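Chemist: I am sharing entry08.cif, which consists of mmCIF, C-alpha atoms:
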```cif
data_upload
loop_
_atom_site.label_atom_id
_atom_site.label_comp_id
_atom_site.auth_asym_id
_atom_site.auth_seq_id
_atom_site.Cartn_x
_atom_site.Cartn_y
_atom_site.Cartn_z
CA MET J 247 0.00 0.00 0.00
CA THR J 248 1.10 3.57 -0.63
CA SER J 249 1.44 5.48 2.62
CA ILE J 250 -0.14 8.90 2.87
CA ALA J 251 1.85 11.55 4.73
CA THR J 252 0.01 13.00 7.71
CA PRO J 253 -0.24 16.80 7.46
CA GLU J 254 1.60 18.64 10.18
CA THR J 255 -0.68 20.15 12.80
CA PRO J 256 0.22 22.82 15.37
CA VAL J 257 0.42 20.13 18.06
CA SER J 258 2.57 17.73 16.05
CA LEU J 259 4.85 20.44 14.67
CA LEU J 260 5.27 22.33 17.94
CA ASP J 261 5.55 19.25 20.11
CA ASP J 262 5.97 19.32 23.88
CA ASP J 263 9.70 18.55 23.82
CA LEU J 264 10.43 21.41 21.44
CA LEU J 265 8.32 23.83 23.48
CA GLU J 266 10.07 22.84 26.68
CA ARG J 267 13.41 23.69 25.10
CA PHE J 268 11.99 27.05 24.07
CA ARG J 269 10.67 27.66 27.59
CA GLU J 270 14.07 26.98 29.13
CA ARG J 271 15.79 29.36 26.73
CA ALA J 272 13.20 32.09 27.21
CA ALA J 273 14.47 32.86 30.70
CA ARG J 274 18.04 33.24 29.42
CA TYR J 275 17.05 35.37 26.44
CA ASP J 276 15.07 37.64 28.75
CA ARG J 277 17.87 37.90 31.32
CA ASP J 278 20.53 38.66 28.70
CA ASN J 279 18.30 40.83 26.46
CA ALA J 280 19.31 38.46 23.65
CA PHE J 281 17.68 37.44 20.38
CA PHE J 282 16.17 33.96 20.12
CA ASP J 283 18.72 32.59 17.63
CA GLU J 284 18.39 28.94 18.67
CA ASP J 285 14.59 29.05 18.64
CA LEU J 286 14.62 30.56 15.17
CA VAL J 287 16.90 27.84 13.84
CA GLU J 288 14.52 25.16 15.10
CA LEU J 289 11.43 26.95 13.82
CA ARG J 290 12.96 27.22 10.37
CA GLU J 291 14.02 23.56 10.39
CA ILE J 292 10.52 22.30 11.16
CA GLY J 293 8.95 24.58 8.53
CA TYR J 294 7.02 26.84 10.90
CA LEU J 295 7.95 30.01 8.99
CA ARG J 296 6.33 28.59 5.85
CA SER J 297 3.27 27.21 7.64
CA LEU J 298 0.87 29.62 5.89
CA VAL J 299 2.51 29.22 2.48
CA PRO J 300 0.55 27.02 0.04
CA THR J 301 1.81 23.47 -0.42
CA ARG J 302 2.31 24.08 -4.15
CA PHE J 303 5.12 26.50 -3.27
CA GLY J 304 6.63 24.22 -0.62
CA GLY J 305 4.72 25.42 2.41
CA LEU J 306 2.55 23.55 4.91
CA GLY J 307 -0.71 25.00 3.57
CA TRP J 308 -2.15 25.84 6.97
CA GLY J 309 -5.35 27.77 7.40
CA LEU J 310 -5.50 30.75 9.72
CA ASP J 311 -7.15 28.61 12.40
CA ASP J 312 -4.02 26.43 12.45
CA ALA J 313 -1.88 29.56 12.72
CA VAL J 314 -3.97 30.72 15.71
CA ARG J 315 -3.41 27.41 17.48
CA GLY J 316 0.28 27.42 16.59
CA GLN J 317 0.88 30.91 17.90
CA MET J 318 -0.99 30.16 21.11
CA ARG J 319 1.18 27.11 21.71
CA LEU J 320 4.40 28.92 20.89
CA ALA J 321 3.52 31.93 23.06
CA GLY J 322 2.79 29.66 25.99
CA ALA J 323 6.42 28.57 25.92
CA ALA J 324 8.28 31.64 24.65
CA PRO J 325 6.15 34.80 24.31
CA ALA J 326 8.87 37.01 22.81
CA THR J 327 9.76 34.36 20.24
CA ALA J 328 6.10 34.08 19.27
CA LEU J 329 5.65 37.84 19.07
CA ALA J 330 8.64 38.31 16.77
CA VAL J 331 7.82 35.37 14.50
CA ASN J 332 4.31 36.78 14.38
CA MET J 333 5.50 39.62 12.15
CA HIS J 334 6.80 37.20 9.51
CA LEU J 335 3.58 35.19 9.76
CA VAL J 336 1.55 38.38 9.32
CA TRP J 337 3.03 38.91 5.86
CA THR J 338 2.49 35.29 4.83
CA ALA J 339 -1.07 35.56 6.14
CA VAL J 340 -1.63 38.74 4.10
CA ALA J 341 -0.40 36.89 1.01
CA LYS J 342 -2.82 34.06 1.76
CA ILE J 343 -5.77 36.40 2.34
CA LEU J 344 -5.10 38.14 -0.99
CA ALA J 345 -4.57 34.90 -2.88
CA ASP J 346 -7.79 33.42 -1.47
CA ARG J 347 -9.58 36.43 -2.96
CA GLY J 348 -7.97 36.09 -6.37
CA ASP J 349 -5.13 38.60 -5.91
CA ASP J 350 -1.65 37.21 -6.63
CA THR J 351 0.22 40.43 -5.79
CA LEU J 352 2.22 38.74 -3.05
CA GLU J 353 2.92 35.44 -4.78
CA PHE J 354 6.61 36.44 -4.85
CA LEU J 355 6.46 36.68 -1.04
CA GLN J 356 5.01 33.19 -0.74
CA ARG J 357 7.72 31.77 -2.97
CA GLU J 358 10.49 33.60 -1.12
CA ALA J 359 9.13 32.60 2.29
CA ALA J 360 9.11 28.98 1.13
CA ALA J 361 12.75 29.42 0.04
CA GLY J 362 13.76 30.62 3.50
CA GLU J 363 13.48 34.40 3.41
CA VAL J 364 12.37 36.00 6.67
CA PHE J 365 10.01 38.97 6.46
CA GLY J 366 10.01 41.90 8.86
CA PHE J 367 7.16 44.30 9.48
CA GLY J 368 8.35 47.89 9.02
CA ILE J 369 5.15 49.90 9.36
CA SER J 370 5.03 51.54 12.82
CA GLU J 371 6.42 55.04 13.32
CA ALA J 372 6.81 57.15 16.45
CA GLY J 373 3.97 59.64 16.76
CA ASN J 374 1.98 58.21 13.84
CA ASP J 375 -1.45 57.32 15.19
CA LEU J 376 -2.81 57.10 11.64
CA MET J 377 -1.01 53.75 11.28
CA LEU J 378 -2.02 52.28 7.87
CA PHE J 379 -3.75 55.51 6.84
CA GLY J 380 -0.72 57.81 6.85
CA SER J 381 3.06 57.87 7.12
CA ARG J 382 5.91 60.08 8.30
CA THR J 383 8.28 58.21 5.97
CA GLU J 384 9.08 59.73 2.59
CA ALA J 385 8.59 57.51 -0.47
CA ASP J 386 10.58 59.06 -3.32
CA PRO J 387 9.60 57.80 -6.80
CA GLN J 388 12.42 56.70 -9.10
CA ALA J 389 12.62 56.81 -12.88
CA ASP J 390 12.61 52.97 -13.09
CA GLY J 391 9.32 52.68 -11.20
CA GLY J 392 10.93 51.81 -7.88
CA TYR J 393 10.89 53.92 -4.72
CA ARG J 394 13.41 55.07 -2.13
CA TYR J 395 12.19 55.23 1.46
CA THR J 396 13.51 57.70 4.03
CA GLY J 397 12.29 57.58 7.60
CA ARG J 398 12.35 55.68 10.90
CA LYS J 399 10.36 52.56 11.68
CA ILE J 400 9.97 51.49 15.29
CA PHE J 401 9.21 48.12 16.89
CA THR J 402 10.70 46.23 13.96
CA SER J 403 10.60 42.72 15.39
CA LEU J 404 13.06 40.10 14.12
CA SER J 405 15.60 42.90 13.67
CA PRO J 406 18.66 40.60 13.83
CA ALA J 407 17.19 38.12 11.35
CA TRP J 408 14.79 39.54 8.79
CA THR J 409 15.97 39.45 5.19
CA ARG J 410 13.06 41.31 3.58
CA LEU J 411 11.22 44.28 5.09
CA GLY J 412 7.68 45.20 4.16
CA THR J 413 7.26 48.92 4.63
CA MET J 414 5.32 51.99 3.54
CA GLY J 415 5.85 55.71 2.97
CA LEU J 416 4.17 58.77 1.54
CA ASP J 417 4.79 59.86 -2.05
CA THR J 418 4.29 63.62 -2.28
CA ALA J 419 6.18 64.12 -5.57
CA SER J 420 4.22 62.22 -8.23
CA ALA J 421 1.59 63.86 -10.38
CA ASP J 422 -1.18 61.97 -8.59
CA ALA J 423 0.28 62.59 -5.12
CA PRO J 424 -0.23 62.12 -2.27
CA LYS J 425 -0.05 58.34 -2.33
CA LEU J 426 0.83 55.80 0.34
CA VAL J 427 3.30 53.39 -1.23
CA TYR J 428 3.77 49.84 0.07
CA GLY J 429 6.92 47.99 -0.93
CA PHE J 430 9.58 45.50 0.13
CA ILE J 431 13.28 46.21 0.60
CA ASP J 432 16.27 43.90 1.09
CA ARG J 433 18.40 43.74 4.21
CA GLU J 434 21.58 44.05 2.11
CA ASP J 435 20.57 47.56 1.05
CA PRO J 436 23.35 49.89 2.26
CA ASP J 437 20.73 52.54 3.03
CA VAL J 438 19.17 50.44 5.81
CA ARG J 439 20.44 50.88 9.36
CA ILE J 440 19.26 48.88 12.36
CA LEU J 441 19.84 50.51 15.73
CA ASP J 442 20.81 48.50 18.79
CA ASP J 443 18.24 50.24 20.99
CA TRP J 444 16.02 47.45 22.35
CA ASN J 445 16.17 47.43 26.17
CA THR J 446 12.64 47.02 27.43
CA LEU J 447 10.59 45.84 30.39
CA GLY J 448 9.37 42.71 28.61
CA MET J 449 9.28 40.88 25.27
CA ARG J 450 13.04 41.36 25.25
CA ALA J 451 13.99 38.45 22.99
CA SER J 452 11.91 39.90 20.15
CA GLN J 453 14.66 42.52 19.62
CA SER J 454 12.17 44.87 17.97
CA ARG J 455 14.71 47.55 17.19
CA THR J 456 14.41 50.85 15.35
CA THR J 457 15.05 50.63 11.61
CA VAL J 458 16.41 53.73 9.88
CA LEU J 459 15.78 54.05 6.15
CA ASP J 460 18.14 56.50 4.45
CA GLY J 461 16.77 56.18 0.93
CA ALA J 462 16.37 52.39 1.02
CA TYR J 463 15.32 51.06 -2.38
CA ALA J 464 12.33 48.95 -3.33
CA ALA J 465 12.38 47.80 -6.97
CA SER J 466 9.32 48.32 -9.15
CA ASP J 467 8.39 44.63 -8.92
CA ARG J 468 8.41 44.92 -5.13
CA ILE J 469 6.03 47.89 -5.04
CA VAL J 470 2.71 46.28 -4.18
CA ARG J 471 0.32 49.22 -3.71
CA ARG J 472 -0.07 52.97 -4.23
CA LEU J 473 -3.12 54.13 -2.29
CA ASP J 474 -4.77 57.37 -1.27
CA PRO J 475 -4.04 58.33 2.34
CA GLY J 476 -6.82 57.81 4.85
CA PRO J 477 -9.22 54.91 5.45
CA ASN J 478 -9.11 52.53 2.51
CA ALA J 479 -11.02 49.36 1.67
CA ASP J 480 -8.19 47.99 -0.48
CA PRO J 481 -7.69 44.23 0.08
CA LEU J 482 -4.04 44.76 1.03
CA VAL J 483 -4.99 47.14 3.85
CA PHE J 484 -7.69 44.73 5.00
CA GLY J 485 -5.25 41.82 4.83
CA ILE J 486 -2.60 43.60 6.89
CA PHE J 487 -5.10 44.73 9.49
CA ALA J 488 -6.83 41.35 9.75
CA SER J 489 -3.62 39.33 9.94
CA PHE J 490 -1.97 41.63 12.45
CA GLU J 491 -4.93 41.79 14.84
CA LEU J 492 -5.76 38.08 14.68
CA LEU J 493 -2.25 36.67 15.04
CA LEU J 494 -1.25 39.22 17.66
CA ALA J 495 -4.33 38.31 19.69
CA SER J 496 -3.30 34.67 19.45
CA VAL J 497 0.07 35.40 21.05
CA TYR J 498 -1.51 37.05 24.07
CA ALA J 499 -4.17 34.37 24.36
CA GLY J 500 -1.30 31.87 24.58
CA ILE J 501 0.29 33.87 27.39
CA GLY J 502 -2.98 33.83 29.28
CA ALA J 503 -3.32 30.06 28.86
CA ARG J 504 0.18 29.47 30.24
CA ALA J 505 -0.43 31.82 33.18
CA LEU J 506 -3.58 29.91 34.08
CA ASP J 507 -1.66 26.61 34.06
CA LEU J 508 1.00 28.12 36.32
CA ALA J 509 -1.65 29.43 38.71
CA VAL J 510 -3.24 25.97 38.98
CA ALA J 511 0.15 24.38 39.64
CA ALA J 512 0.94 26.99 42.31
CA ALA J 513 -2.41 26.45 44.03
CA HIS J 514 -1.70 22.72 44.34
CA ARG J 515 1.94 23.27 45.37
CA ARG J 516 1.49 25.94 48.03
CA THR J 517 0.15 24.94 51.43
CA SER J 518 -1.54 26.90 54.20
CA MET J 519 -0.46 26.79 57.85
CA LYS J 520 -3.85 28.29 58.78
CA ARG J 521 -5.50 25.21 57.25
CA ASP J 522 -3.19 22.62 58.78
CA GLY J 523 -1.09 22.20 55.65
CA ALA J 524 -3.95 21.96 53.18
CA PRO J 525 -3.10 23.09 49.66
CA TYR J 526 -4.21 26.53 48.53
CA ALA J 527 -6.29 24.72 45.92
CA HIS J 528 -8.79 24.12 48.75
CA ASP J 529 -8.93 27.78 49.77
CA PRO J 530 -12.23 29.36 48.59
CA ASP J 531 -10.60 32.70 47.73
CA ILE J 532 -7.89 31.05 45.64
CA ARG J 533 -10.46 28.84 43.97
CA TRP J 534 -12.48 31.94 43.09
CA ARG J 535 -9.43 33.66 41.57
CA ILE J 536 -8.58 30.67 39.40
CA ALA J 537 -12.20 30.19 38.39
CA ASP J 538 -12.43 33.87 37.47
CA ALA J 539 -9.30 33.59 35.35
CA ALA J 540 -10.50 30.38 33.70
CA LEU J 541 -13.91 31.88 32.86
CA ALA J 542 -12.20 34.74 31.05
CA GLN J 543 -9.48 32.69 29.38
CA ASP J 544 -11.81 30.01 28.05
CA ALA J 545 -13.64 32.56 25.91
CA LEU J 546 -10.61 33.55 23.87
CA GLU J 547 -9.74 30.56 21.69
CA PRO J 548 -13.28 30.05 20.30
CA GLN J 549 -13.41 33.73 19.31
CA LEU J 550 -10.02 33.61 17.64
CA LEU J 551 -10.85 30.44 15.73
CA ALA J 552 -14.22 31.84 14.61
CA VAL J 553 -12.58 34.96 13.17
CA ALA J 554 -9.84 32.89 11.52
CA ARG J 555 -12.37 30.57 9.89
CA ASP J 556 -14.44 33.50 8.66
CA LEU J 557 -11.32 34.96 7.03
CA ASP J 558 -10.45 31.65 5.40
CA GLY J 559 -14.08 31.12 4.38
CA LEU J 560 -14.34 34.57 2.72
CA VAL J 561 -17.27 35.48 4.96
CA ASP J 562 -18.54 38.97 4.19
CA HIS J 563 -19.04 40.95 7.41
CA GLY J 564 -19.03 44.18 5.46
CA SER J 565 -18.33 47.26 7.57
CA ARG J 566 -18.39 45.13 10.73
CA TRP J 567 -15.12 43.35 9.84
CA PHE J 568 -12.86 45.98 11.37
CA ALA J 569 -14.96 46.06 14.55
CA LYS J 570 -14.67 42.29 14.86
CA LEU J 571 -10.90 42.42 14.38
CA VAL J 572 -10.19 45.19 16.88
CA GLY J 573 -12.57 43.52 19.30
CA VAL J 574 -10.74 40.21 19.29
CA LYS J 575 -7.38 41.98 19.70
CA VAL J 576 -8.48 44.11 22.65
CA ARG J 577 -10.33 41.28 24.37
CA SER J 578 -7.33 38.97 24.03
CA THR J 579 -4.72 41.43 25.28
CA GLU J 580 -6.85 42.74 28.14
CA THR J 581 -8.04 39.28 29.17
CA ALA J 582 -4.50 37.90 29.11
CA LYS J 583 -3.40 40.80 31.30
CA GLN J 584 -6.19 40.04 33.80
CA VAL J 585 -5.41 36.32 33.83
CA VAL J 586 -1.70 36.91 34.40
CA ASP J 587 -2.54 39.29 37.24
CA GLN J 588 -4.69 36.64 38.91
CA ALA J 589 -1.94 34.07 38.42
CA VAL J 590 0.59 36.36 40.11
CA ARG J 591 -1.73 36.77 43.09
CA VAL J 592 -2.27 33.04 43.35
CA SER J 593 1.44 32.27 43.01
CA GLY J 594 2.45 34.54 45.88
CA GLY J 595 5.71 36.33 46.58
CA SER J 596 7.86 33.90 44.58
CA SER J 597 6.52 35.48 41.38
CA TYR J 598 8.20 38.76 42.39
CA PHE J 599 11.68 37.30 42.15
CA ALA J 600 13.79 37.78 39.03
CA GLY J 601 13.80 34.56 37.05
CA SER J 602 10.24 33.60 37.93
CA GLU J 603 8.32 32.51 34.82
CA ILE J 604 5.07 34.03 35.99
CA GLY J 605 6.93 37.26 36.79
CA ARG J 606 8.31 37.29 33.25
CA LEU J 607 4.83 36.74 31.81
CA TYR J 608 3.64 39.69 33.93
CA ARG J 609 6.18 41.88 32.13
CA ASP J 610 5.65 40.33 28.69
CA VAL J 611 1.87 40.64 28.70
CA LEU J 612 2.07 44.39 29.32
CA ALA J 613 3.29 44.88 25.73
CA GLY J 614 -0.20 44.02 24.50
CA ILE J 615 -1.55 47.46 25.38
CA PHE J 616 0.95 49.17 23.07
CA HIS J 617 0.10 47.26 19.89
CA PRO J 618 -2.50 48.73 17.56
CA SER J 619 -5.38 48.89 17.83
CA ASP J 620 -5.22 50.42 21.29
CA ASP J 621 -8.22 50.58 23.58
CA GLU J 622 -9.30 54.08 22.51
CA SER J 623 -8.96 53.39 18.78
CA ALA J 624 -10.81 50.08 19.11
CA HIS J 625 -13.75 51.71 20.87
CA ALA J 626 -13.95 54.36 18.16
CA THR J 627 -13.94 51.68 15.45
CA VAL J 628 -16.68 49.68 17.15
CA ALA J 629 -18.76 52.81 17.79
CA ASN J 630 -18.53 53.74 14.11
CA ALA J 631 -19.59 50.24 13.09
CA TRP J 632 -22.67 50.28 15.30
CA LEU J 633 -23.61 53.96 15.40
CA GLY J 634 -22.13 55.33 12.21
CA PRO J 635 -19.47 58.05 12.04
CA VAL J 636 -19.89 61.39 13.78
CA PRO J 637 -20.58 64.13 11.18
CA ASP J 638 -17.74 66.57 10.57
#
```
Reformat the file's structure so that it appears as structure tokens.
Modeler:
Amino acid sequence: MTSIATPETPVSLLDDDLLERFRERAARYDRDNAFFDEDLVELREIGYLRSLVPTRFGGLGWGLDDAVRGQMRLAGAAPATALAVNMHLVWTAVAKILADRGDDTLEFLQREAAAGEVFGFGISEAGNDLMLFGSRTEADPQADGGYRYTGRKIFTSLSPAWTRLGTMGLDTASADAPKLVYGFIDREDPDVRILDDWNTLGMRASQSRTTVLDGAYAASDRIVRRLDPGPNADPLVFGIFASFELLLASVYAGIGARALDLAVAAAHRRTSMKRDGAPYAHDPDIRWRIADAALAQDALEPQLLAVARDLDGLVDHGSRWFAKLVGVKVRSTETAKQVVDQAVRVSGGSSYFAGSEIGRLYRDVLAGIFHPSDDESAHATVANAWLGPVPD
């Protein structure tokens, strides 16, 4: 009989032994403020970076629901590793979302990701709360159809390792200006500088350093969109927003799941002298805290999977799509923060010591409030979806 290969699943690919190695390294990476080089080697070897690439190009052909599960598992072991890899997965997810809708603009990205290229996400800028709708970076049009980008991008995860950077800037020189121009540049470009300025409270292994573009060049065949500034229904903008919010939410949901497991373990491990040595798991206040955390945490994965399946299934939520996406991001990051806080309280004073895993999660989970969409922006998006925009 001819054997049929079993498709890799998030559980089989990210097996328990691999995740335990990642968990052990995470403490060292955090302590030394070091990049996750060893984790990245293993992730590349098992094909995780091409998980969302179609099988016809050499990828694993995962759906977004598989990616949600994978990122939750990875984040439960090594949050900063998951967060940084997330930015590469965002681009491969954007390519998938476009391709599923008949747009092959990013087929080159799928092929290059399958060949081993690592994609960075160079969109965020200091002081730019317009995000995808505006840019402080200059995009200078060239005679050959390419563009040169000049500006600073912050929070560029995977800084020591990315080989291609997806970025954007504002073209104010062309006849049809202004236009927001999305393109991809190469790491070898001499006009790209990466600053060694990542020294943060948490998510330290992500090494999300500042990237300085001093006229970095994107060739004409790597310019993927020229769009009017402001809100835009273009599929690329939708794909970036959807992928970023969904996969980011998955990382923080994974942190929450790990924190809950640690809280349960602590409740069984710790004993009470007031209760003649009984475990804290029998204490009604501790039981309430863990139950409260579990009630909140259990709601996250079904929401994430539902959104992922709607994206894969081309479900048309119309103007409600953006509200759904910001909602799942905010609920995941805020819920994870609440769950970690409960876990710290259950774990007691040991979580306050340097080197404590739950203490590290307490620092890592805080980063969730800084990622777009923030709480204020999300509420505005949801209000517009339900109430309509406020007249000028």
Chemist: Counting only C-alpha atoms, which of J:Ala462, J:Ile486, J:Ala330, J:Ala419 gets nearest to Lys342 in chain J?
Modeler: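 Nearest candidate to Lys342 in chain J out of J:Ala462, J:Ile486, J:Ala330, J:Ala419: J:Ile486.
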Chemist: Between CA of Met333 in chain J and CA of Gly305 in chain J, what is the spacing in Å?
Modeler: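 CA of Gly305 in chain J sits 17.2 Å away from CA of Met333 in chain J.
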Chemist: With only C-alpha atoms counted, which protein, DNA or RNA residues have an atom no more than 6 Å from (-6.2, 33.8, 22.3) in the file frame? Please answer as an NGL selection string.
Modeler: :J and (495-496 or 498-500 or 546-547 or 578)
Chemist: Take the residues from that selection and put them in a file with C-alpha atoms, as an mmCIF file, in the frame of the given file.
Modeler:
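The new file selection.cif reads:
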```
data_model
loop_
_atom_site.group_PDB
_atom_site.id
_atom_site.type_symbol
_atom_site.label_atom_id
_atom_site.label_comp_id
_atom_site.auth_asym_id
_atom_site.auth_seq_id
_atom_site.Cartn_x
_atom_site.Cartn_y
_atom_site.Cartn_z
ATOM 1 C CA ALA J 495 -4.330 38.310 19.690
ATOM 2 C CA SER J 496 -3.300 34.670 19.450
ATOM 3 C CA TYR J 498 -1.510 37.050 24.070
ATOM 4 C CA ALA J 499 -4.170 34.370 24.360
ATOM 5 C CA GLY J 500 -1.300 31.870 24.580
ATOM 6 C CA LEU J 546 -10.610 33.550 23.870
ATOM 7 C CA GLU J 547 -9.740 30.560 21.690
ATOM 8 C CA SER J 578 -7.330 38.970 24.030
#
```
Chemist: Work out how far apart CA of Phe401 in chain J and CA of Arg455 in chain J are and give it in Å to one decimal.
Modeler: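 Separation of CA of Phe401 in chain J and CA of Arg455 in chain J: 5.5 Å.
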Chemist: Find the distance between CA of Thr409 in chain J and CA of His617 in chain J and write it in Å to one decimal.
Modeler: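 Answer for the CA of Thr409 in chain J to CA of His617 in chain J separation: 23.0 Å.
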Chemist: Can you turn the PyMOL selection byres ((chain J and resi 288) around 12) into a concrete residue list for this file, as an MDAnalysis selection string?
Modeler: chainID J and resid 259:261 263:265 267:268 282:287 289:295 327
Chemist: Would you pick out the contacts of Ser405 in chain J at 7 Å or less, using only C-alpha atoms, so that residues sharing its chain but fewer than 3 positions from it are not included, and give the list as a ChimeraX atom specification?
Modeler: /J:402,408,453-455
Chemist: List the neighbours of Arg315 in chain J out to 8 Å using only C-alpha atoms; skip same-chain residues closer than 3 positions along the sequence, and give me the result as JSON, numbers by chain.
Modeler: {"J": [256, 311, 312, 318, 319, 496]}
Chemist: Take every atom of range 304-320 of chain J listed in the file, fit an axis-aligned box around them, add 4 Å per side, and give the centre and edge lengths in Å to one decimal as JSON.
Modeler:
```
{"center_x": -0.3, "center_y": 27.2, "center_z": 10.5, "size_x": 21.8, "size_y": 15.4, "size_z": 30.3}
```
Chemist: At a cut-off of 10 Å from (-2.8, 62.1, 6.0) in the coordinates of the file, what residues are picked up using all atoms listed in the file, written as a list in words?
Modeler: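 Answer for this query, in the requested form: Asn374, Leu376, Phe379, Gly380, Ser381, Arg382, Leu416, Pro424, Lys425, Leu426, Asp474, Pro475, Gly476 and Pro477 of chain J.
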Chemist: Do a neighbour search on range 564-575 of chain J at 9 Å with all atoms listed in the file, toss out local chain neighbours closer than 5 positions, and write the hits as a PyMOL selection string.
Modeler: chain J and resi 484+487-488+491-496+498+546+549-550+553+580+614+618-621+623-625+627-632
Chemist: Quick one: everything within 12 Å of Ala539 in chain J, counting all atoms listed in the file, minus sequence neighbours fewer than 5 positions away in the same chain. Send it as a list in words.
Modeler: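 Non-adjacent residues within range: Gly502, Ala503, Arg504, Ala505, Leu506, Asp507, Leu508, Ala509, Val510, Ile532, Arg533, Trp534, Asp544, Ala545, Leu546, Glu580, Thr581, Ala582, Lys583, Gln584, Val585, Val586, Asp587, Gln588, Ala589, Val590, Arg591 and Val592 of chain J.
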Chemist: Extract, using only C-alpha atoms, all DNA, RNA and protein residues at most 6 Å from range 355-366 of chain J, discarding same-chain residues fewer than 5 positions from it, and format them as a PDB file with C-alpha atoms, keeping the file's coordinate frame.
Modeler:
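Saved file result-v7.pdb follows:
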```pdb
ATOM      1  CA  ARG J 296       6.330  28.590   5.850  1.00  0.00           C
ATOM      2  CA  VAL J 299       2.510  29.220   2.480  1.00  0.00           C
ATOM      3  CA  PHE J 303       5.120  26.500  -3.270  1.00  0.00           C
ATOM      4  CA  GLY J 304       6.630  24.220  -0.620  1.00  0.00           C
ATOM      5  CA  GLY J 305       4.720  25.420   2.410  1.00  0.00           C
ATOM      6  CA  HIS J 334       6.800  37.200   9.510  1.00  0.00           C
ATOM      7  CA  TRP J 408      14.790  39.540   8.790  1.00  0.00           C
ATOM      8  CA  THR J 409      15.970  39.450   5.190  1.00  0.00           C
ATOM      9  CA  ARG J 410      13.060  41.310   3.580  1.00  0.00           C
ATOM     10  CA  LEU J 411      11.220  44.280   5.090  1.00  0.00           C
TER      11      LEU J 411
END
```
Chemist: Measuring atom to atom with only C-alpha atoms, identify which of J:Leu329, J:Glu622, J:Gly309, J:Tyr393 is nearest to Asp375 in chain J.
Modeler: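 Comparing J:Leu329, J:Glu622, J:Gly309, J:Tyr393 against Asp375 in chain J, the winner is J:Glu622.
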Chemist: Restore all heavy atoms in range 624-628 of chain J and list the result as an mmCIF file, keeping the file's coordinate frame.
Modeler:
```cif
data_model
loop_
_atom_site.group_PDB
_atom_site.id
_atom_site.type_symbol
_atom_site.label_atom_id
_atom_site.label_comp_id
_atom_site.auth_asym_id
_atom_site.auth_seq_id
_atom_site.Cartn_x
_atom_site.Cartn_y
_atom_site.Cartn_z
ATOM 1 N N ALA J 624 -9.874 51.197 19.284
ATOM 2 C CA ALA J 624 -10.810 50.080 19.110
ATOM 3 C C ALA J 624 -12.239 50.510 19.432
ATOM 4 O O ALA J 624 -13.187 50.176 18.707
ATOM 5 C CB ALA J 624 -10.395 48.910 19.984
ATOM 6 N N HIS J 625 -12.408 51.260 20.515
ATOM 7 C CA HIS J 625 -13.750 51.710 20.870
ATOM 8 C C HIS J 625 -14.330 52.635 19.796
ATOM 9 O O HIS J 625 -15.526 52.572 19.477
ATOM 10 C CB HIS J 625 -13.736 52.402 22.236
ATOM 11 C CG HIS J 625 -13.789 51.449 23.385
ATOM 12 N ND1 HIS J 625 -12.676 50.758 23.825
ATOM 13 C CD2 HIS J 625 -14.810 51.050 24.177
ATOM 14 C CE1 HIS J 625 -13.010 49.979 24.836
ATOM 15 N NE2 HIS J 625 -14.294 50.134 25.070
ATOM 16 N N ALA J 626 -13.481 53.484 19.230
ATOM 17 C CA ALA J 626 -13.950 54.360 18.160
ATOM 18 C C ALA J 626 -14.374 53.558 16.936
ATOM 19 O O ALA J 626 -15.397 53.854 16.296
ATOM 20 C CB ALA J 626 -12.846 55.351 17.785
ATOM 21 N N THR J 627 -13.600 52.521 16.604
ATOM 22 C CA THR J 627 -13.940 51.680 15.450
ATOM 23 C C THR J 627 -15.258 50.960 15.668
ATOM 24 O O THR J 627 -16.114 50.909 14.765
ATOM 25 C CB THR J 627 -12.812 50.645 15.216
ATOM 26 O OG1 THR J 627 -11.596 51.328 14.913
ATOM 27 C CG2 THR J 627 -13.170 49.708 14.070
ATOM 28 N N VAL J 628 -15.442 50.410 16.860
ATOM 29 C CA VAL J 628 -16.680 49.680 17.150
ATOM 30 C C VAL J 628 -17.868 50.647 17.187
ATOM 31 O O VAL J 628 -18.959 50.337 16.676
ATOM 32 C CB VAL J 628 -16.546 48.914 18.477
ATOM 33 C CG1 VAL J 628 -17.884 48.269 18.863
ATOM 34 C CG2 VAL J 628 -15.471 47.827 18.342
#
```
